[in-house]
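Novice: Just so it is clear, I am handing over my_file.pdb, which has PDB, C-alpha atoms.
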MODEL        1
ATOM      1  CA  MET A   1     129.719  43.769  57.348  1.00  0.00           C
ATOM      2  CA  ASN A   2     127.632  43.012  60.379  1.00  0.00           C
ATOM      3  CA  ASN A   3     123.891  42.509  60.331  1.00  0.00           C
ATOM      4  CA  LYS A   4     123.054  45.927  61.859  1.00  0.00           C
ATOM      5  CA  VAL A   5     124.994  47.857  59.192  1.00  0.00           C
ATOM      6  CA  LEU A   6     123.393  45.794  56.440  1.00  0.00           C
ATOM      7  CA  THR A   7     119.923  46.432  57.857  1.00  0.00           C
ATOM      8  CA  LYS A   8     120.573  50.191  58.077  1.00  0.00           C
ATOM      9  CA  SER A   9     121.922  50.236  54.532  1.00  0.00           C
ATOM     10  CA  ILE A  10     118.913  48.419  53.143  1.00  0.00           C
ATOM     11  CA  ASP A  11     116.606  50.707  55.136  1.00  0.00           C
ATOM     12  CA  PHE A  12     118.246  53.814  53.647  1.00  0.00           C
ATOM     13  CA  ILE A  13     118.128  52.419  50.104  1.00  0.00           C
ATOM     14  CA  ALA A  14     114.432  51.615  50.497  1.00  0.00           C
ATOM     15  CA  ARG A  15     113.657  55.097  51.849  1.00  0.00           C
ATOM     16  CA  ALA A  16     115.685  56.705  49.036  1.00  0.00           C
ATOM     17  CA  CYS A  17     113.806  54.695  46.406  1.00  0.00           C
ATOM     18  CA  LEU A  18     110.461  55.641  47.915  1.00  0.00           C
ATOM     19  CA  ALA A  19     111.378  59.324  48.225  1.00  0.00           C
ATOM     20  CA  SER A  20     112.749  59.438  44.665  1.00  0.00           C
ATOM     21  CA  VAL A  21     109.270  58.806  43.270  1.00  0.00           C
ATOM     22  CA  PHE A  22     108.023  61.951  44.980  1.00  0.00           C
ATOM     23  CA  VAL A  23     111.169  64.041  44.411  1.00  0.00           C
ATOM     24  CA  ARG A  24     110.855  63.524  40.653  1.00  0.00           C
ATOM     25  CA  ALA A  25     107.403  65.169  40.753  1.00  0.00           C
ATOM     26  CA  ILE A  26     108.613  68.425  42.329  1.00  0.00           C
ATOM     27  CA  PRO A  27     110.527  70.169  39.482  1.00  0.00           C
ATOM     28  CA  GLY A  28     107.674  69.942  36.989  1.00  0.00           C
ATOM     29  CA  LYS A  29     105.232  71.411  39.463  1.00  0.00           C
ATOM     30  CA  ILE A  30     107.551  74.349  40.143  1.00  0.00           C
ATOM     31  CA  THR A  31     108.762  75.091  36.603  1.00  0.00           C
ATOM     32  CA  ASP A  32     105.323  74.746  35.011  1.00  0.00           C
ATOM     33  CA  PHE A  33     103.331  76.145  37.930  1.00  0.00           C
ATOM     34  CA  SER A  34     100.620  77.935  35.928  1.00  0.00           C
ATOM     35  CA  SER A  35      99.955  74.925  33.714  1.00  0.00           C
ATOM     36  CA  VAL A  36      99.594  72.663  36.752  1.00  0.00           C
ATOM     37  CA  VAL A  37      97.193  75.186  38.328  1.00  0.00           C
ATOM     38  CA  GLU A  38      95.132  75.101  35.112  1.00  0.00           C
ATOM     39  CA  THR A  39      95.068  71.300  35.223  1.00  0.00           C
ATOM     40  CA  ILE A  40      93.835  71.379  38.819  1.00  0.00           C
ATOM     41  CA  ALA A  41      91.243  74.032  37.976  1.00  0.00           C
ATOM     42  CA  ALA A  42      90.046  71.909  35.059  1.00  0.00           C
ATOM     43  CA  LYS A  43      88.988  69.302  37.621  1.00  0.00           C
ATOM     44  CA  GLY A  44      86.452  71.764  39.012  1.00  0.00           C
ATOM     45  CA  ILE A  45      88.495  73.354  41.772  1.00  0.00           C
ATOM     46  CA  PRO A  46      88.422  77.176  41.758  1.00  0.00           C
ATOM     47  CA  GLU A  47      91.695  78.687  40.545  1.00  0.00           C
ATOM     48  CA  PRO A  48      92.576  80.603  43.753  1.00  0.00           C
ATOM     49  CA  LEU A  49      92.134  77.377  45.738  1.00  0.00           C
ATOM     50  CA  ALA A  50      94.100  75.462  43.092  1.00  0.00           C
ATOM     51  CA  VAL A  51      97.092  77.761  43.663  1.00  0.00           C
ATOM     52  CA  VAL A  52      96.966  77.167  47.427  1.00  0.00           C
ATOM     53  CA  LEU A  53      96.585  73.409  46.954  1.00  0.00           C
ATOM     54  CA  LEU A  54      99.530  73.279  44.560  1.00  0.00           C
ATOM     55  CA  ILE A  55     101.762  75.204  46.975  1.00  0.00           C
ATOM     56  CA  ALA A  56     100.692  72.813  49.754  1.00  0.00           C
ATOM     57  CA  ALA A  57     101.364  69.825  47.484  1.00  0.00           C
ATOM     58  CA  ILE A  58     104.876  71.050  46.692  1.00  0.00           C
ATOM     59  CA  ALA A  59     105.555  71.633  50.403  1.00  0.00           C
ATOM     60  CA  CYS A  60     104.283  68.147  51.324  1.00  0.00           C
ATOM     61  CA  LEU A  61     106.367  66.535  48.579  1.00  0.00           C
ATOM     62  CA  LEU A  62     109.517  68.426  49.492  1.00  0.00           C
ATOM     63  CA  LEU A  63     109.311  68.139  53.269  1.00  0.00           C
ATOM     64  CA  GLY A  64     107.995  64.569  53.207  1.00  0.00           C
ATOM     65  CA  SER A  65     110.847  63.448  50.969  1.00  0.00           C
ATOM     66  CA  ILE A  66     113.457  65.221  53.088  1.00  0.00           C
ATOM     67  CA  PHE A  67     112.137  63.647  56.290  1.00  0.00           C
ATOM     68  CA  MET A  68     112.110  60.224  54.637  1.00  0.00           C
ATOM     69  CA  LEU A  69     115.707  60.578  53.439  1.00  0.00           C
ATOM     70  CA  CYS A  70     117.137  62.020  56.639  1.00  0.00           C
ATOM     71  CA  GLY A  71     116.040  59.032  58.684  1.00  0.00           C
ATOM     72  CA  ARG A  72     114.605  61.165  61.454  1.00  0.00           C
ATOM     73  CA  ASN A  73     110.915  61.886  61.633  1.00  0.00           C
ATOM     74  CA  GLN A  74     110.198  59.176  59.069  1.00  0.00           C
ATOM     75  CA  GLN A  75     106.624  58.939  60.290  1.00  0.00           C
ATOM     76  CA  LEU A  76     106.128  62.656  59.737  1.00  0.00           C
ATOM     77  CA  GLY A  77     107.618  62.307  56.259  1.00  0.00           C
ATOM     78  CA  ALA A  78     105.316  59.413  55.456  1.00  0.00           C
ATOM     79  CA  ALA A  79     102.334  61.371  56.796  1.00  0.00           C
ATOM     80  CA  LEU A  80     103.167  64.383  54.610  1.00  0.00           C
ATOM     81  CA  LEU A  81     103.495  62.179  51.542  1.00  0.00           C
ATOM     82  CA  LEU A  82     100.132  60.590  52.342  1.00  0.00           C
ATOM     83  CA  ILE A  83      98.580  64.031  52.781  1.00  0.00           C
ATOM     84  CA  PHE A  84      99.741  64.731  49.225  1.00  0.00           C
ATOM     85  CA  LEU A  85      98.940  61.331  47.764  1.00  0.00           C
ATOM     86  CA  VAL A  86      95.408  60.622  48.999  1.00  0.00           C
ATOM     87  CA  PRO A  87      93.645  63.821  47.843  1.00  0.00           C
ATOM     88  CA  THR A  88      95.615  63.821  44.586  1.00  0.00           C
ATOM     89  CA  THR A  89      94.546  60.270  43.864  1.00  0.00           C
ATOM     90  CA  ILE A  90      90.918  61.045  44.630  1.00  0.00           C
ATOM     91  CA  VAL A  91      90.770  64.228  42.542  1.00  0.00           C
ATOM     92  CA  PHE A  92      92.770  63.038  39.531  1.00  0.00           C
ATOM     93  CA  HIS A  93      92.201  59.311  39.354  1.00  0.00           C
ATOM     94  CA  LEU A  94      89.227  58.076  41.342  1.00  0.00           C
ATOM     95  CA  PHE A  95      86.351  60.234  40.148  1.00  0.00           C
ATOM     96  CA  PRO A  96      85.963  61.674  36.661  1.00  0.00           C
ATOM     97  CA  PHE A  97      84.878  65.139  37.831  1.00  0.00           C
ATOM     98  CA  GLN A  98      83.425  67.624  35.408  1.00  0.00           C
ATOM     99  CA  ALA A  99      84.589  71.234  35.501  1.00  0.00           C
ATOM    100  CA  GLY A 100      82.620  73.064  38.178  1.00  0.00           C
ATOM    101  CA  ALA A 101      81.223  69.865  39.678  1.00  0.00           C
ATOM    102  CA  ILE A 102      82.897  70.248  43.074  1.00  0.00           C
ATOM    103  CA  PHE A 103      82.131  73.871  43.881  1.00  0.00           C
TER     104      PHE A 103
ENDMDL
END
As structure tokens, what does this structure read like?

Specialist:
Amino acid sequence: MNNKVLTKSIDFIARACLASVFVRAIPGKITDFSSVVETIAAKGIPEPLAVVLLIAAIACLLLGSIFMLCGRNQQLGAALLLIFLVPTTIVFHLFPFQAGAIF
């Protein structure tokens, strides 16, 4: 196996491992949609906005993971995953918001 094939193989394995973390989060958000919306709303985000944010989160997770796995548009995939990850981290982990504290 030459060096270029090995490098491409390792690159794909690394992208697959990274994407798998996000792919695993998708089914639970879809199958238990209303419960996830309630969890988001409990952080002080109005329920209609929580629905929109959850749909956007699922889209970012799905499209970001696909772009990461396909090998094309990896930067777009990484950007979509960051668009999901940064606000989620802030809302759920960084600040202990009280219900109704944001809006």

Novice: Skipping near chain neighbours, those fewer than 4 positions away, what residues fall within 12 Å of Ser65 (chain A) using all atoms listed in the file, listed as a PyMOL selection string?

Specialist: chain A and resi 15-26+57-61+69-82+84

Novice: If you keep C-alpha atoms, can you produce a file of those selected residues as a PDB file, in the frame of the given file?

Specialist:
ATOM      1  CA  ARG A  15     113.657  55.097  51.849  1.00  0.00           C
ATOM      2  CA  ALA A  16     115.685  56.705  49.036  1.00  0.00           C
ATOM      3  CA  CYS A  17     113.806  54.695  46.406  1.00  0.00           C
ATOM      4  CA  LEU A  18     110.461  55.641  47.915  1.00  0.00           C
ATOM      5  CA  ALA A  19     111.378  59.324  48.225  1.00  0.00           C
ATOM      6  CA  SER A  20     112.749  59.438  44.665  1.00  0.00           C
ATOM      7  CA  VAL A  21     109.270  58.806  43.270  1.00  0.00           C
ATOM      8  CA  PHE A  22     108.023  61.951  44.980  1.00  0.00           C
ATOM      9  CA  VAL A  23     111.169  64.041  44.411  1.00  0.00           C
ATOM     10  CA  ARG A  24     110.855  63.524  40.653  1.00  0.00           C
ATOM     11  CA  ALA A  25     107.403  65.169  40.753  1.00  0.00           C
ATOM     12  CA  ILE A  26     108.613  68.425  42.329  1.00  0.00           C
ATOM     13  CA  ALA A  57     101.364  69.825  47.484  1.00  0.00           C
ATOM     14  CA  ILE A  58     104.876  71.050  46.692  1.00  0.00           C
ATOM     15  CA  ALA A  59     105.555  71.633  50.403  1.00  0.00           C
ATOM     16  CA  CYS A  60     104.283  68.147  51.324  1.00  0.00           C
ATOM     17  CA  LEU A  61     106.367  66.535  48.579  1.00  0.00           C
ATOM     18  CA  LEU A  69     115.707  60.578  53.439  1.00  0.00           C
ATOM     19  CA  CYS A  70     117.137  62.020  56.639  1.00  0.00           C
ATOM     20  CA  GLY A  71     116.040  59.032  58.684  1.00  0.00           C
ATOM     21  CA  ARG A  72     114.605  61.165  61.454  1.00  0.00           C
ATOM     22  CA  ASN A  73     110.915  61.886  61.633  1.00  0.00           C
ATOM     23  CA  GLN A  74     110.198  59.176  59.069  1.00  0.00           C
ATOM     24  CA  GLN A  75     106.624  58.939  60.290  1.00  0.00           C
ATOM     25  CA  LEU A  76     106.128  62.656  59.737  1.00  0.00           C
ATOM     26  CA  GLY A  77     107.618  62.307  56.259  1.00  0.00           C
ATOM     27  CA  ALA A  78     105.316  59.413  55.456  1.00  0.00           C
ATOM     28  CA  ALA A  79     102.334  61.371  56.796  1.00  0.00           C
ATOM     29  CA  LEU A  80     103.167  64.383  54.610  1.00  0.00           C
ATOM     30  CA  LEU A  81     103.495  62.179  51.542  1.00  0.00           C
ATOM     31  CA  LEU A  82     100.132  60.590  52.342  1.00  0.00           C
ATOM     32  CA  PHE A  84      99.741  64.731  49.225  1.00  0.00           C
TER      33      PHE A  84
END

Novice: So how far away is CA of Phe33 (chain A) from CA of Ala50 (chain A), in Å?

Specialist: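 It comes out at 10.6 Å.
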
Novice: Let me make sure I understand: among A:Ala14, A:Leu94, A:Leu85, A:Val36, which one has the smallest atom-to-atom distance to Gly64 (chain A) if we use all atoms listed in the file?

Specialist: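 The answer is A:Leu85, which sits nearest to Gly64 (chain A).
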
Novice: Mind pulling up the distance from CA of Thr39 (chain A) to CA of Ile83 (chain A)?

Specialist: 19.3 Å

Novice: Mind pulling up the distance from CA of Ile66 (chain A) to CA of Asn3 (chain A)?

Specialist: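 It comes out at 26.0 Å.
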
Novice: I'd like the neighbourhood of Leu53 (chain A) as a PDB file with C-alpha atoms, in the frame of the given file, where a residue qualifies if any of its atoms comes within 10 Å (using only C-alpha atoms), though same-chain residues fewer than 6 positions away should be ignored.

Specialist:
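To be explicit, this is the file written out as result.pdb:
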ATOM      1  CA  VAL A  37      97.193  75.186  38.328  1.00  0.00           C
ATOM      2  CA  ILE A  40      93.835  71.379  38.819  1.00  0.00           C
ATOM      3  CA  ILE A  45      88.495  73.354  41.772  1.00  0.00           C
ATOM      4  CA  GLU A  47      91.695  78.687  40.545  1.00  0.00           C
ATOM      5  CA  ALA A  59     105.555  71.633  50.403  1.00  0.00           C
ATOM      6  CA  PHE A  84      99.741  64.731  49.225  1.00  0.00           C
ATOM      7  CA  THR A  88      95.615  63.821  44.586  1.00  0.00           C
TER       8      THR A  88
END

Novice: Please report, as lines of an AutoDock Vina configuration file, the centre and edge lengths in Å to one decimal of an axis-aligned box covering all listed atoms of region 70-79 of chain A with 8 Å per side.

Specialist:
center_x = 109.7
center_y = 60.8
center_z = 58.5
size_x = 30.8
size_y = 19.7
size_z = 22.2

Novice: For a quick check of understanding, using all atoms listed in the file, which of A:Ile10, A:Leu49, A:Ala42, A:Leu54 has the smallest distance to Lys29 (chain A)?

Specialist: A:Leu54

Novice: With only C-alpha atoms as the basis for distance, which of A:Ala41, A:Val5, A:Ile13, A:Ile30 is at the shortest distance from Phe92 (chain A)?

Specialist: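 Closest to Phe92 (chain A) of all the choices is A:Ala41.
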